[in-house]
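Text of target22.csv, listed as CSV, C-alpha atoms (C1' of nucleotides):
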```csv
chain,number,residue,atom,x,y,z
D,1,MET,CA,-22.3,9.6,16.7
D,2,TYR,CA,-18.9,8.2,17.6
D,3,LEU,CA,-15.3,9.4,17.4
D,4,ILE,CA,-12.7,7.1,16.0
D,5,ASP,CA,-11.5,5.9,19.3
D,6,ASP,CA,-15.0,4.7,20.2
D,7,VAL,CA,-15.3,2.9,16.9
D,8,THR,CA,-12.1,1.0,17.5
D,9,LYS,CA,-13.6,-0.4,20.7
D,10,MET,CA,-16.8,-1.3,19.0
D,11,THR,CA,-15.4,-2.9,16.0
D,12,GLY,CA,-12.0,-4.3,17.1
D,13,LEU,CA,-10.4,-2.4,14.2
D,14,THR,CA,-7.5,-0.1,14.8
D,15,LYS,CA,-7.5,3.6,14.0
D,16,ARG,CA,-5.0,2.9,11.2
D,17,ALA,CA,-7.3,0.3,9.7
D,18,LEU,CA,-10.3,2.6,9.8
D,19,ARG,CA,-8.5,5.3,8.0
D,20,TYR,CA,-7.0,2.9,5.6
D,21,TYR,CA,-10.4,1.4,4.7
D,22,GLU,CA,-11.6,4.9,4.0
D,23,GLU,CA,-8.4,5.7,2.0
D,24,ILE,CA,-8.9,2.7,-0.3
D,25,GLY,CA,-12.6,3.5,-0.7
D,26,LEU,CA,-13.9,0.5,1.1
D,27,ILE,CA,-16.1,2.7,3.2
D,28,LEU,CA,-17.4,6.1,2.4
D,29,PRO,CA,-15.7,9.1,4.1
D,30,PRO,CA,-17.6,9.8,7.3
D,31,GLN,CA,-18.6,13.3,8.4
D,32,ARG,CA,-16.2,15.6,10.3
D,33,THR,CA,-16.5,17.8,13.3
D,34,LYS,CA,-15.5,21.4,13.0
D,35,GLY,CA,-12.1,20.5,14.2
D,36,ASN,CA,-11.8,17.9,11.3
D,37,ALA,CA,-12.3,14.8,13.5
D,38,ARG,CA,-14.1,11.9,11.9
D,39,ILE,CA,-17.6,11.2,13.3
D,40,TYR,CA,-19.2,7.8,12.5
D,41,SER,CA,-22.9,7.1,12.6
D,42,GLU,CA,-24.5,4.1,14.1
D,43,GLU,CA,-25.1,2.8,10.6
D,44,GLU,CA,-21.4,3.2,9.7
D,45,VAL,CA,-20.3,1.3,12.8
D,46,LYS,CA,-22.6,-1.5,11.9
D,47,GLU,CA,-21.2,-1.7,8.4
D,48,LEU,CA,-17.7,-1.7,9.8
D,49,LYS,CA,-18.5,-4.5,12.2
D,50,LYS,CA,-19.7,-6.6,9.3
D,51,VAL,CA,-16.7,-5.7,7.3
D,52,ALA,CA,-14.4,-6.8,10.1
D,53,GLU,CA,-16.3,-10.0,10.5
D,54,ALA,CA,-16.3,-10.8,6.9
D,55,LYS,CA,-12.5,-10.3,6.8
D,56,GLU,CA,-11.6,-12.2,10.0
D,57,VAL,CA,-14.2,-15.0,9.9
D,58,LEU,CA,-14.8,-15.5,6.3
D,59,GLY,CA,-11.3,-14.6,5.2
D,60,PHE,CA,-12.3,-12.2,2.5
D,61,SER,CA,-9.7,-9.7,1.2
D,62,LEU,CA,-10.4,-6.0,1.2
D,63,GLN,CA,-10.5,-6.1,-2.6
D,64,GLU,CA,-13.3,-8.7,-2.5
D,65,LEU,CA,-15.1,-6.7,0.1
D,66,GLN,CA,-15.0,-3.7,-2.1
D,67,GLN,CA,-17.0,-5.5,-4.7
D,68,PHE,CA,-19.7,-6.3,-2.1
D,69,MET,CA,-19.8,-2.8,-0.8
D,70,SER,CA,-20.2,-1.2,-4.2
D,71,LEU,CA,-22.9,-3.7,-5.1
D,72,LYS,CA,-24.6,-3.1,-1.7
D,73,ARG,CA,-24.5,0.7,-2.3
D,74,MET,CA,-25.9,0.4,-5.8
D,75,ILE,CA,-28.8,-1.5,-4.5
D,76,GLU,CA,-29.3,0.6,-1.4
D,77,GLU,CA,-29.3,3.8,-3.4
D,78,ARG,CA,-32.2,2.4,-5.4
D,79,SER,CA,-30.0,2.6,-8.4
D,80,GLU,CA,-32.9,2.6,-10.8
D,81,GLN,CA,-33.1,6.3,-10.5
D,82,GLN,CA,-29.3,6.6,-11.2
D,83,GLY,CA,-30.1,4.9,-14.4
D,84,LEU,CA,-28.9,1.3,-14.5
D,85,SER,CA,-29.9,-0.6,-17.5
D,86,ALA,CA,-31.7,-3.9,-17.2
D,87,LYS,CA,-28.6,-5.6,-18.5
D,88,GLU,CA,-26.5,-4.2,-15.8
D,89,ILE,CA,-29.0,-5.3,-13.1
D,90,THR,CA,-28.9,-8.8,-14.6
D,91,LYS,CA,-25.2,-8.7,-14.3
D,92,ILE,CA,-25.5,-7.8,-10.7
D,93,GLU,CA,-28.0,-10.5,-10.1
D,94,ASN,CA,-25.6,-13.0,-11.7
D,95,LEU,CA,-22.7,-11.8,-9.6
D,96,LEU,CA,-24.8,-12.2,-6.4
D,97,GLU,CA,-25.9,-15.7,-7.6
D,98,ASN,CA,-22.2,-16.7,-8.0
D,99,GLN,CA,-21.3,-15.4,-4.6
D,100,ILE,CA,-24.1,-17.3,-3.0
D,101,LYS,CA,-22.9,-20.5,-4.8
D,102,MET,CA,-19.3,-19.7,-3.6
D,103,ILE,CA,-20.5,-19.5,0.0
D,104,GLU,CA,-22.4,-22.8,-0.3
D,105,PHE,CA,-19.2,-24.3,-1.7
D,106,LYS,CA,-17.1,-23.0,1.1
D,107,VAL,CA,-19.6,-24.3,3.7
D,108,VAL,CA,-19.4,-27.8,2.2
D,109,LYS,CA,-15.6,-27.7,2.4
D,110,MET,CA,-15.8,-26.4,5.9
D,111,GLN,CA,-17.9,-29.3,6.9
D,112,ALA,CA,-15.5,-31.8,5.3
D,113,PHE,CA,-12.7,-30.2,7.2
D,114,LYS,CA,-14.7,-30.5,10.4
D,115,THR,CA,-15.2,-34.2,9.8
D,116,GLU,CA,-11.4,-34.5,9.5
D,117,LEU,CA,-10.9,-32.7,12.7
D,118,LYS,CA,-13.4,-35.0,14.4
D,119,GLU,CA,-11.5,-38.0,13.1
D,120,MET,CA,-8.3,-36.7,14.5
D,121,ARG,CA,-10.0,-36.1,17.8
D,122,GLU,CA,-11.2,-39.7,17.8
D,123,SER,CA,-7.6,-40.9,17.2
D,124,ALA,CA,-6.3,-38.7,20.0
D,125,MET,CA,-8.9,-40.2,22.3
D,126,GLU,CA,-7.8,-43.7,21.4
D,127,ILE,CA,-4.2,-42.9,22.2
D,128,HIS,CA,-5.3,-41.3,25.3
D,129,GLU,CA,-7.1,-44.5,26.4
D,130,LYS,CA,-4.0,-46.6,25.7
D,131,THR,CA,-1.6,-44.3,27.6
D,132,LYS,CA,-4.1,-44.3,30.5
D,133,ILE,CA,-4.0,-48.1,30.6
D,134,LYS,CA,-0.3,-48.0,30.5
D,135,GLY,CA,-0.3,-45.6,33.4
D,136,GLU,CA,-2.5,-47.9,35.3
D,137,MET,CA,-0.3,-50.8,34.6
D,138,LYS,CA,2.6,-48.9,35.9
D,139,GLU,CA,0.7,-48.0,39.1
D,140,TRP,CA,-0.2,-51.7,39.5
D,141,LYS,CA,3.4,-52.8,38.9
D,142,ASP,CA,4.6,-50.3,41.5
D,143,SER,CA,2.0,-51.4,43.9
D,144,ILE,CA,3.1,-55.1,43.8
D,145,GLN,CA,6.8,-54.2,44.0
D,146,ILE,CA,6.6,-51.8,46.9
D,147,THR,CA,4.3,-53.5,49.3
D,148,ASP,CA,4.1,-51.0,52.1
Y,1,MET,CA,6.0,-40.5,-7.7
Y,2,TYR,CA,5.9,-37.1,-9.2
Y,3,LEU,CA,8.3,-34.3,-10.1
Y,4,ILE,CA,7.6,-30.8,-9.0
Y,5,ASP,CA,6.1,-29.7,-12.4
Y,6,ASP,CA,3.6,-32.5,-12.2
Y,7,VAL,CA,2.6,-31.5,-8.7
Y,8,THR,CA,2.0,-27.9,-9.7
Y,9,LYS,CA,-0.6,-29.2,-12.2
Y,10,MET,CA,-2.2,-31.5,-9.7
Y,11,THR,CA,-2.4,-29.0,-6.8
Y,12,GLY,CA,-2.6,-25.6,-8.5
Y,13,LEU,CA,0.3,-24.5,-6.4
Y,14,THR,CA,3.4,-22.9,-8.1
Y,15,LYS,CA,6.8,-24.4,-7.8
Y,16,ARG,CA,7.9,-21.5,-5.7
Y,17,ALA,CA,5.0,-22.1,-3.3
Y,18,LEU,CA,5.9,-25.8,-3.0
Y,19,ARG,CA,9.5,-25.0,-2.2
Y,20,TYR,CA,8.4,-22.3,0.1
Y,21,TYR,CA,6.0,-24.6,2.0
Y,22,GLU,CA,8.9,-27.0,2.5
Y,23,GLU,CA,11.2,-24.1,3.5
Y,24,ILE,CA,9.0,-23.0,6.3
Y,25,GLY,CA,8.4,-26.6,7.5
Y,26,LEU,CA,4.7,-26.7,6.5
Y,27,ILE,CA,5.4,-30.0,4.7
Y,28,LEU,CA,8.2,-32.5,5.2
Y,29,PRO,CA,11.0,-32.4,2.7
Y,30,PRO,CA,10.2,-35.0,0.0
Y,31,GLN,CA,12.7,-37.5,-1.3
Y,32,ARG,CA,15.2,-36.6,-4.0
Y,33,THR,CA,16.4,-38.2,-7.2
Y,34,LYS,CA,20.0,-38.9,-7.7
Y,35,GLY,CA,20.2,-35.6,-9.6
Y,36,ASN,CA,18.7,-33.8,-6.5
Y,37,ALA,CA,15.3,-33.3,-7.9
Y,38,ARG,CA,12.3,-33.4,-5.5
Y,39,ILE,CA,10.0,-36.5,-5.9
Y,40,TYR,CA,6.6,-36.3,-4.3
Y,41,SER,CA,4.6,-39.4,-3.3
Y,42,GLU,CA,0.9,-39.8,-3.9
Y,43,GLU,CA,0.3,-39.2,-0.2
Y,44,GLU,CA,2.3,-35.9,-0.3
Y,45,VAL,CA,0.3,-34.7,-3.2
Y,46,LYS,CA,-2.9,-35.4,-1.4
Y,47,GLU,CA,-1.7,-33.5,1.6
Y,48,LEU,CA,-0.7,-30.6,-0.6
Y,49,LYS,CA,-4.1,-30.6,-2.2
Y,50,LYS,CA,-5.7,-30.3,1.2
Y,51,VAL,CA,-3.3,-27.6,2.2
Y,52,ALA,CA,-4.1,-25.6,-0.9
Y,53,GLU,CA,-7.8,-26.0,-0.3
Y,54,ALA,CA,-7.6,-25.0,3.3
Y,55,LYS,CA,-5.8,-21.9,2.4
Y,56,GLU,CA,-7.9,-20.8,-0.6
Y,57,VAL,CA,-11.3,-21.9,0.5
Y,58,LEU,CA,-11.1,-21.7,4.3
Y,59,GLY,CA,-8.7,-18.7,4.3
Y,60,PHE,CA,-6.3,-20.2,6.8
Y,61,SER,CA,-2.8,-18.7,7.0
Y,62,LEU,CA,0.2,-20.9,6.6
Y,63,GLN,CA,1.0,-20.4,10.2
Y,64,GLU,CA,-2.4,-21.8,11.2
Y,65,LEU,CA,-2.0,-24.7,8.9
Y,66,GLN,CA,1.4,-25.5,10.5
Y,67,GLN,CA,-0.4,-26.1,13.7
Y,68,PHE,CA,-2.8,-28.6,12.1
Y,69,MET,CA,0.0,-30.3,10.3
Y,70,SER,CA,2.1,-30.8,13.4
Y,71,LEU,CA,-1.0,-32.1,15.2
Y,72,LYS,CA,-1.8,-34.4,12.4
Y,73,ARG,CA,1.7,-35.7,12.3
Y,74,MET,CA,1.8,-36.3,16.0
Y,75,ILE,CA,-1.3,-38.4,15.8
Y,76,GLU,CA,-0.4,-40.2,12.6
Y,77,GLU,CA,3.0,-41.2,14.0
Y,78,ARG,CA,1.1,-42.9,16.9
Y,79,SER,CA,2.8,-40.6,19.2
Y,80,GLU,CA,2.2,-42.8,22.2
Y,81,GLN,CA,5.5,-44.5,21.4
Y,82,GLN,CA,7.3,-41.2,21.2
Y,83,GLY,CA,6.2,-40.7,24.7
Y,84,LEU,CA,3.5,-38.1,25.0
Y,85,SER,CA,2.0,-37.7,28.4
Y,86,ALA,CA,-1.7,-38.0,29.1
Y,87,LYS,CA,-1.7,-34.3,29.8
Y,88,GLU,CA,-0.2,-33.4,26.5
Y,89,ILE,CA,-2.8,-35.5,24.7
Y,90,THR,CA,-5.5,-33.8,26.7
Y,91,LYS,CA,-4.1,-30.5,25.5
Y,92,ILE,CA,-4.2,-31.8,21.9
Y,93,GLU,CA,-7.8,-32.9,22.3
Y,94,ASN,CA,-8.8,-29.5,23.6
Y,95,LEU,CA,-7.1,-27.8,20.7
Y,96,LEU,CA,-9.0,-29.9,18.3
Y,97,GLU,CA,-12.2,-29.3,20.2
Y,98,ASN,CA,-11.7,-25.6,19.9
Y,99,GLN,CA,-10.9,-25.8,16.2
Y,100,ILE,CA,-14.1,-27.8,15.7
Y,101,LYS,CA,-16.1,-25.1,17.5
Y,102,MET,CA,-14.4,-22.4,15.4
Y,103,ILE,CA,-15.4,-24.1,12.2
Y,104,GLU,CA,-19.0,-24.4,13.4
Y,105,PHE,CA,-18.9,-20.7,14.3
Y,106,LYS,CA,-17.6,-19.8,10.9
Y,107,VAL,CA,-20.3,-21.9,9.2
Y,108,VAL,CA,-22.9,-20.0,11.1
Y,109,LYS,CA,-21.4,-16.7,10.0
Y,110,MET,CA,-21.2,-17.9,6.5
Y,111,GLN,CA,-24.9,-18.8,6.4
Y,112,ALA,CA,-25.8,-15.3,7.8
Y,113,PHE,CA,-23.7,-13.8,5.1
Y,114,LYS,CA,-25.5,-15.9,2.5
Y,115,THR,CA,-28.8,-14.7,3.8
Y,116,GLU,CA,-27.7,-11.1,3.3
Y,117,LEU,CA,-26.6,-11.9,-0.2
Y,118,LYS,CA,-30.0,-13.4,-0.9
Y,119,GLU,CA,-31.7,-10.3,0.4
Y,120,MET,CA,-29.6,-8.2,-1.9
Y,121,ARG,CA,-30.5,-10.4,-4.8
Y,122,GLU,CA,-34.2,-10.0,-3.9
Y,123,SER,CA,-33.8,-6.2,-3.9
Y,124,ALA,CA,-32.0,-6.4,-7.2
Y,125,MET,CA,-34.8,-8.5,-8.7
Y,126,GLU,CA,-37.4,-5.9,-7.5
Y,127,ILE,CA,-35.5,-3.1,-9.2
Y,128,HIS,CA,-35.2,-5.3,-12.3
Y,129,GLU,CA,-39.0,-5.7,-12.4
Y,130,LYS,CA,-39.5,-1.9,-12.1
Y,131,THR,CA,-37.1,-1.1,-14.8
Y,132,LYS,CA,-38.7,-3.7,-17.0
Y,133,ILE,CA,-42.1,-2.0,-16.5
Y,134,LYS,CA,-40.6,1.3,-17.3
Y,135,GLY,CA,-39.2,-0.2,-20.5
Y,136,GLU,CA,-42.5,-1.6,-21.4
Y,137,MET,CA,-44.2,1.8,-20.8
Y,138,LYS,CA,-41.6,3.4,-23.1
Y,139,GLU,CA,-42.4,0.9,-25.8
Y,140,TRP,CA,-46.1,1.5,-25.3
Y,141,LYS,CA,-45.6,5.2,-25.5
Y,142,ASP,CA,-43.6,4.9,-28.6
Y,143,SER,CA,-46.2,2.7,-30.2
Y,144,ILE,CA,-49.0,5.2,-29.7
Y,145,GLN,CA,-47.0,8.1,-30.9
Y,146,ILE,CA,-45.6,6.5,-34.0
Y,147,THR,CA,-48.5,4.7,-35.5
Y,148,ASP,CA,-47.1,3.0,-38.5
G,1,DT,C1',-2.8,29.5,30.7
G,2,DA,C1',-1.0,25.1,30.6
G,3,DC,C1',-1.3,20.5,30.1
G,4,DA,C1',-3.3,16.0,29.2
G,5,DT,C1',-5.8,13.7,25.9
G,6,DA,C1',-8.0,13.3,22.2
G,7,DG,C1',-7.7,14.0,17.1
G,8,DT,C1',-5.1,14.9,12.2
G,9,DT,C1',-1.9,13.9,7.9
G,10,DA,C1',2.4,12.2,5.9
G,11,DA,C1',5.8,9.1,5.3
G,12,DC,C1',8.6,5.3,6.2
G,13,DG,C1',8.7,0.4,8.1
G,14,DT,C1',7.0,-4.5,8.5
G,15,DT,C1',5.3,-9.2,7.6
G,16,DA,C1',3.4,-12.9,4.9
G,17,DA,C1',3.4,-15.3,0.8
G,18,DC,C1',5.1,-15.7,-2.7
G,19,DG,C1',7.1,-13.7,-7.9
G,20,DT,C1',11.1,-13.0,-10.6
G,21,DT,C1',15.6,-13.3,-12.2
G,22,DA,C1',20.2,-15.2,-12.4
G,23,DA,C1',23.4,-18.6,-12.5
G,24,DT,C1',23.9,-23.4,-12.6
G,25,DG,C1',23.1,-28.7,-12.9
G,26,DT,C1',20.8,-33.0,-15.0
G,27,DT,C1',18.7,-35.8,-18.4
G,28,DA,C1',16.5,-37.5,-22.6
G,29,DG,C1',16.7,-37.3,-27.5
G,30,DA,C1',18.5,-35.9,-32.5
W,1,DT,C1',27.9,-34.0,-28.5
W,2,DC,C1',24.8,-30.6,-28.2
W,3,DT,C1',20.4,-28.7,-27.4
W,4,DA,C1',15.8,-28.5,-25.1
W,5,DA,C1',13.4,-29.0,-21.2
W,6,DC,C1',13.5,-30.1,-17.1
W,7,DA,C1',15.5,-29.4,-12.3
W,8,DT,C1',18.3,-26.7,-8.4
W,9,DT,C1',19.7,-22.7,-5.0
W,10,DA,C1',20.2,-17.9,-3.8
W,11,DA,C1',18.8,-13.4,-3.7
W,12,DC,C1',16.3,-9.5,-4.6
W,13,DG,C1',11.4,-7.6,-5.7
W,14,DT,C1',6.4,-7.1,-4.9
W,15,DT,C1',1.7,-6.6,-2.9
W,16,DA,C1',-1.7,-6.3,0.8
W,17,DA,C1',-2.8,-4.6,5.1
W,18,DC,C1',-1.7,-2.4,8.1
W,19,DG,C1',2.2,-0.7,12.3
W,20,DT,C1',4.9,3.0,13.8
W,21,DT,C1',6.7,7.5,14.2
W,22,DA,C1',6.8,12.3,13.6
W,23,DA,C1',5.0,16.7,13.6
W,24,DC,C1',1.0,19.1,14.3
W,25,DT,C1',-4.0,20.6,15.9
W,26,DA,C1',-8.2,20.8,18.8
W,27,DT,C1',-10.6,20.4,23.3
W,28,DG,C1',-11.8,19.9,28.0
W,29,DT,C1',-10.1,20.5,32.6
W,30,DA,C1',-7.0,22.1,36.7
```

Hey, can you dump this file as structure tokens for me?
Amino acid sequence: MYLIDDVTKMTGLTKRALRYYEEIGLILPPQRTKGNARIYSEEEVKELKKVAEAKEVLGFSLQELQQFMSLKRMIEERSEQQGLSAKEITKIENLLENQIKMIEFKVVKMQAFKTELKEMRESAMEIHEKTKIKGEMKEWKDSIQITD
Amino acid sequence: MYLIDDVTKMTGLTKRALRYYEEIGLILPPQRTKGNARIYSEEEVKELKKVAEAKEVLGFSLQELQQFMSLKRMIEERSEQQGLSAKEITKIENLLENQIKMIEFKVVKMQAFKTELKEMRESAMEIHEKTKIKGEMKEWKDSIQITD
DNA sequence: TACATAGTTAACGTTAACGTTAATGTTAGA
DNA sequence: TCTAACATTAACGTTAACGTTAACTATGTA
């Protein structure tokens, strides 16, 4: 069990962000101490780490993440008991399917971007070579002018 | 050559966004007609498409994209003539190297996220199966109670 | 007991990335 | 010549995702 200051160190999120995520319902309200301080479980910290990563690295908005979280919770809570119809589950499956496709699409785009960056690097290296040669020529010029 | 309204259709960006990108220096100011209307070249439209994609798909901020654009322009303009030192070029190469690593990192994270989504889908499918069976049991129950 | 160091809520402030509106100019066609 | 459909700049408005500050409470230690 961790207090909010510990969690900031473990997740990289600020206190404000943690409270904000709770406020907008992105995460479930954690338990409290008798003195009303938030206490986060190991599980909750893990979840927060993933949320932070998905936001920073994958560039998801908090709104998008809310979708995932609610889906995740529905499945985790074995929502059959809660009474989800087969149609609703099919809907969830389709949603997940689309998200998987989206990720795959993004990965393809990422790789294309990477290729571009590599090409830029090649160009830079070429320029580098040329300036190197120019530098050597200057050195050589200097060396034949100023014969010690 | 395209007017701004054409470009919105080709890139998906709004007029406001196009002017804004110019305002903050993300793109170079395009030429103008005699009546002061912006005219974009094929090249500029291509660039804008890439910018839009990098923003939407890869989740880059306009600030981050400005870095890329200036790097890109430095290299395209064969900056050797402009007088870049070997050290500066090395710096650029390192920057590009880091960005390539970053992309690779993001791709790995994306794939991990995809795996999670697939697991969620599997769980959903399991639940689906169970509710299906429940539904069939109900049908069966009904059939032995109400014998037509 | 007092103080330092945690925590709390509430409310206003900030930044990015535009949206929206107003007031105005240009150009092609009836 | 006038109107419709474009374009322009300038300025204020909006939303997300927090930052910051204020005013207060709880807790462990000297």

Let's have chain D fitted on chain Y; use all the C-alpha atoms paired in order for the least-squares step and return it as a short mmCIF file (atom, residue, chain, number, x, y, z; two decimals) with C-alpha atoms, in the coordinates of the input.
```cif
data_model
loop_
_atom_site.label_atom_id
_atom_site.label_comp_id
_atom_site.auth_asym_id
_atom_site.auth_seq_id
_atom_site.Cartn_x
_atom_site.Cartn_y
_atom_site.Cartn_z
CA MET D 1 5.94 -40.50 -7.84
CA TYR D 2 5.76 -37.01 -9.30
CA LEU D 3 8.24 -34.27 -10.15
CA ILE D 4 7.50 -30.76 -9.08
CA ASP D 5 6.09 -29.70 -12.34
CA ASP D 6 3.48 -32.46 -12.18
CA VAL D 7 2.55 -31.46 -8.66
CA THR D 8 1.91 -27.90 -9.71
CA LYS D 9 -0.68 -29.15 -12.19
CA MET D 10 -2.28 -31.37 -9.66
CA THR D 11 -2.46 -28.98 -6.87
CA GLY D 12 -2.69 -25.52 -8.52
CA LEU D 13 0.31 -24.44 -6.42
CA THR D 14 3.31 -22.90 -8.05
CA LYS D 15 6.81 -24.33 -7.86
CA ARG D 16 7.80 -21.36 -5.67
CA ALA D 17 4.97 -22.10 -3.27
CA LEU D 18 5.87 -25.76 -3.01
CA ARG D 19 9.40 -25.00 -2.14
CA TYR D 20 8.40 -22.28 0.18
CA TYR D 21 5.99 -24.56 2.09
CA GLU D 22 8.83 -26.99 2.50
CA GLU D 23 11.24 -24.15 3.52
CA ILE D 24 8.92 -22.98 6.32
CA GLY D 25 8.33 -26.56 7.46
CA LEU D 26 4.73 -26.75 6.52
CA ILE D 27 5.36 -29.97 4.69
CA LEU D 28 8.10 -32.43 5.24
CA PRO D 29 11.02 -32.43 2.73
CA PRO D 30 10.16 -34.92 0.01
CA GLN D 31 12.64 -37.45 -1.35
CA ARG D 32 15.15 -36.57 -4.10
CA THR D 33 16.28 -38.23 -7.25
CA LYS D 34 19.95 -38.79 -7.77
CA GLY D 35 20.14 -35.56 -9.59
CA ASN D 36 18.63 -33.75 -6.48
CA ALA D 37 15.14 -33.24 -7.98
CA ARG D 38 12.25 -33.39 -5.56
CA ILE D 39 9.97 -36.44 -5.96
CA TYR D 40 6.51 -36.32 -4.27
CA SER D 41 4.47 -39.35 -3.37
CA GLU D 42 0.82 -39.76 -3.96
CA GLU D 43 0.27 -39.21 -0.26
CA GLU D 44 2.24 -35.93 -0.35
CA VAL D 45 0.21 -34.63 -3.28
CA LYS D 46 -2.94 -35.37 -1.43
CA GLU D 47 -1.75 -33.49 1.62
CA LEU D 48 -0.77 -30.58 -0.56
CA LYS D 49 -4.15 -30.49 -2.23
CA LYS D 50 -5.78 -30.23 1.16
CA VAL D 51 -3.37 -27.62 2.22
CA ALA D 52 -4.15 -25.53 -0.85
CA GLU D 53 -7.83 -25.95 -0.27
CA ALA D 54 -7.68 -25.06 3.30
CA LYS D 55 -5.77 -21.85 2.41
CA GLU D 56 -7.90 -20.75 -0.58
CA VAL D 57 -11.36 -21.89 0.58
CA LEU D 58 -11.17 -21.65 4.25
CA GLY D 59 -8.78 -18.73 4.32
CA PHE D 60 -6.36 -20.21 6.78
CA SER D 61 -2.83 -18.73 7.01
CA LEU D 62 0.21 -20.91 6.60
CA GLN D 63 1.00 -20.36 10.28
CA GLU D 64 -2.41 -21.79 11.26
CA LEU D 65 -1.93 -24.65 8.89
CA GLN D 66 1.32 -25.47 10.50
CA GLN D 67 -0.42 -26.10 13.76
CA PHE D 68 -2.78 -28.59 12.04
CA MET D 69 0.00 -30.35 10.27
CA SER D 70 2.10 -30.85 13.37
CA LEU D 71 -0.94 -32.07 15.27
CA LYS D 72 -1.86 -34.37 12.33
CA ARG D 73 1.72 -35.78 12.29
CA MET D 74 1.76 -36.37 16.02
CA ILE D 75 -1.34 -38.37 15.77
CA GLU D 76 -0.40 -40.18 12.59
CA GLU D 77 2.94 -41.21 14.01
CA ARG D 78 1.08 -42.90 16.84
CA SER D 79 2.81 -40.55 19.15
CA GLU D 80 2.29 -42.77 22.15
CA GLN D 81 5.45 -44.55 21.33
CA GLN D 82 7.32 -41.17 21.04
CA GLY D 83 6.27 -40.67 24.57
CA LEU D 84 3.53 -38.07 24.94
CA SER D 85 2.17 -37.71 28.35
CA ALA D 86 -1.53 -37.98 29.01
CA LYS D 87 -1.57 -34.29 29.78
CA GLU D 88 -0.17 -33.42 26.47
CA ILE D 89 -2.75 -35.61 24.65
CA THR D 90 -5.48 -33.82 26.61
CA LYS D 91 -4.07 -30.60 25.42
CA ILE D 92 -4.24 -31.81 21.90
CA GLU D 93 -7.74 -33.01 22.35
CA ASN D 94 -8.69 -29.56 23.70
CA LEU D 95 -7.02 -27.80 20.80
CA LEU D 96 -8.94 -30.01 18.30
CA GLU D 97 -12.20 -29.34 20.26
CA ASN D 98 -11.60 -25.54 19.91
CA GLN D 99 -10.92 -25.81 16.24
CA ILE D 100 -14.06 -27.77 15.67
CA LYS D 101 -16.03 -25.07 17.61
CA MET D 102 -14.25 -22.38 15.47
CA ILE D 103 -15.39 -24.09 12.28
CA GLU D 104 -18.98 -24.36 13.54
CA PHE D 105 -18.78 -20.65 14.35
CA LYS D 106 -17.50 -19.76 10.96
CA VAL D 107 -20.23 -21.85 9.27
CA VAL D 108 -22.92 -19.97 11.20
CA LYS D 109 -21.45 -16.65 10.09
CA MET D 110 -21.20 -17.91 6.58
CA GLN D 111 -24.83 -18.73 6.58
CA ALA D 112 -25.77 -15.29 7.92
CA PHE D 113 -23.74 -13.75 5.18
CA LYS D 114 -25.53 -15.91 2.64
CA THR D 115 -28.89 -14.71 3.91
CA GLU D 116 -27.65 -11.14 3.34
CA LEU D 117 -26.62 -11.95 -0.13
CA LYS D 118 -30.03 -13.48 -0.80
CA GLU D 119 -31.68 -10.32 0.46
CA MET D 120 -29.65 -8.22 -1.85
CA ARG D 121 -30.55 -10.51 -4.70
CA GLU D 122 -34.22 -10.07 -3.85
CA SER D 123 -33.79 -6.26 -3.95
CA ALA D 124 -32.00 -6.45 -7.29
CA MET D 125 -34.88 -8.51 -8.64
CA GLU D 126 -37.38 -5.91 -7.49
CA ILE D 127 -35.49 -3.15 -9.25
CA HIS D 128 -35.22 -5.29 -12.20
CA GLU D 129 -39.03 -5.73 -12.32
CA LYS D 130 -39.57 -1.97 -12.07
CA THR D 131 -37.06 -1.08 -14.82
CA LYS D 132 -38.70 -3.77 -17.00
CA ILE D 133 -42.09 -2.10 -16.53
CA LYS D 134 -40.58 1.18 -17.34
CA GLY D 135 -39.13 -0.28 -20.49
CA GLU D 136 -42.47 -1.57 -21.42
CA MET D 137 -44.07 1.72 -20.83
CA LYS D 138 -41.59 3.31 -23.07
CA GLU D 139 -42.27 0.74 -25.82
CA TRP D 140 -46.01 1.42 -25.41
CA LYS D 141 -45.49 5.20 -25.52
CA ASP D 142 -43.43 4.82 -28.69
CA SER D 143 -45.97 2.58 -30.20
CA ILE D 144 -48.84 5.13 -29.79
CA GLN D 145 -46.69 8.03 -31.01
CA ILE D 146 -45.31 6.40 -34.11
CA THR D 147 -48.28 4.68 -35.59
CA ASP D 148 -46.79 3.02 -38.62
#
```

Worksheet item: Skipping near chain neighbours, those fewer than 2 positions away, what residues fall within 8 Å of range 14-29 of chain G using only C-alpha atoms (C1' of nucleotides), listed as a ChimeraX atom specification?
Response: /Y:16-17,20,35 /W:6-8,13-14,19

Practice prompt. Residues of chain Y no more than 12 Å from chain G, counting all atoms listed in the file: send them over as a PyMOL selection string.
Written response: chain Y and resi 13-21+24+33-37+55+61-63

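Coordinates place CA of Gly12 in chain D at a distance of 15.4 Å from CA of Glu42 in chain D.
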
Fill in: Contact set, chain D to chain Y: 8 Å, all atoms listed in the file, as a VMD selection string
chain D and resid 57 to 60 72 75 78 to 80 85 to 86 89 to 90 92 to 93 96 to 97 99 to 100 103 106 to 107 109 to 111 114 117 to 118 120 to 121 123 to 125 127 to 128 131 to 132

Item to complete: Would you mind reading off the distance between CA of Gly25 in chain Y and CA of Gln67 in chain Y, one decimal, in Å?
Response: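 So the two atoms, CA of Gly25 in chain Y and CA of Gln67 in chain Y, lie 10.8 Å apart.
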
Discussion item. Contacts from chain W to chain D, 12 Å maximum, all atoms listed in the file: show me the residue list as a PyMOL selection string.
Written reply: chain W and resi 16-20+25-27

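Taking CA of Glu126 in chain Y and CA of Glu64 in chain D as the two end points, the separation is 24.8 Å.
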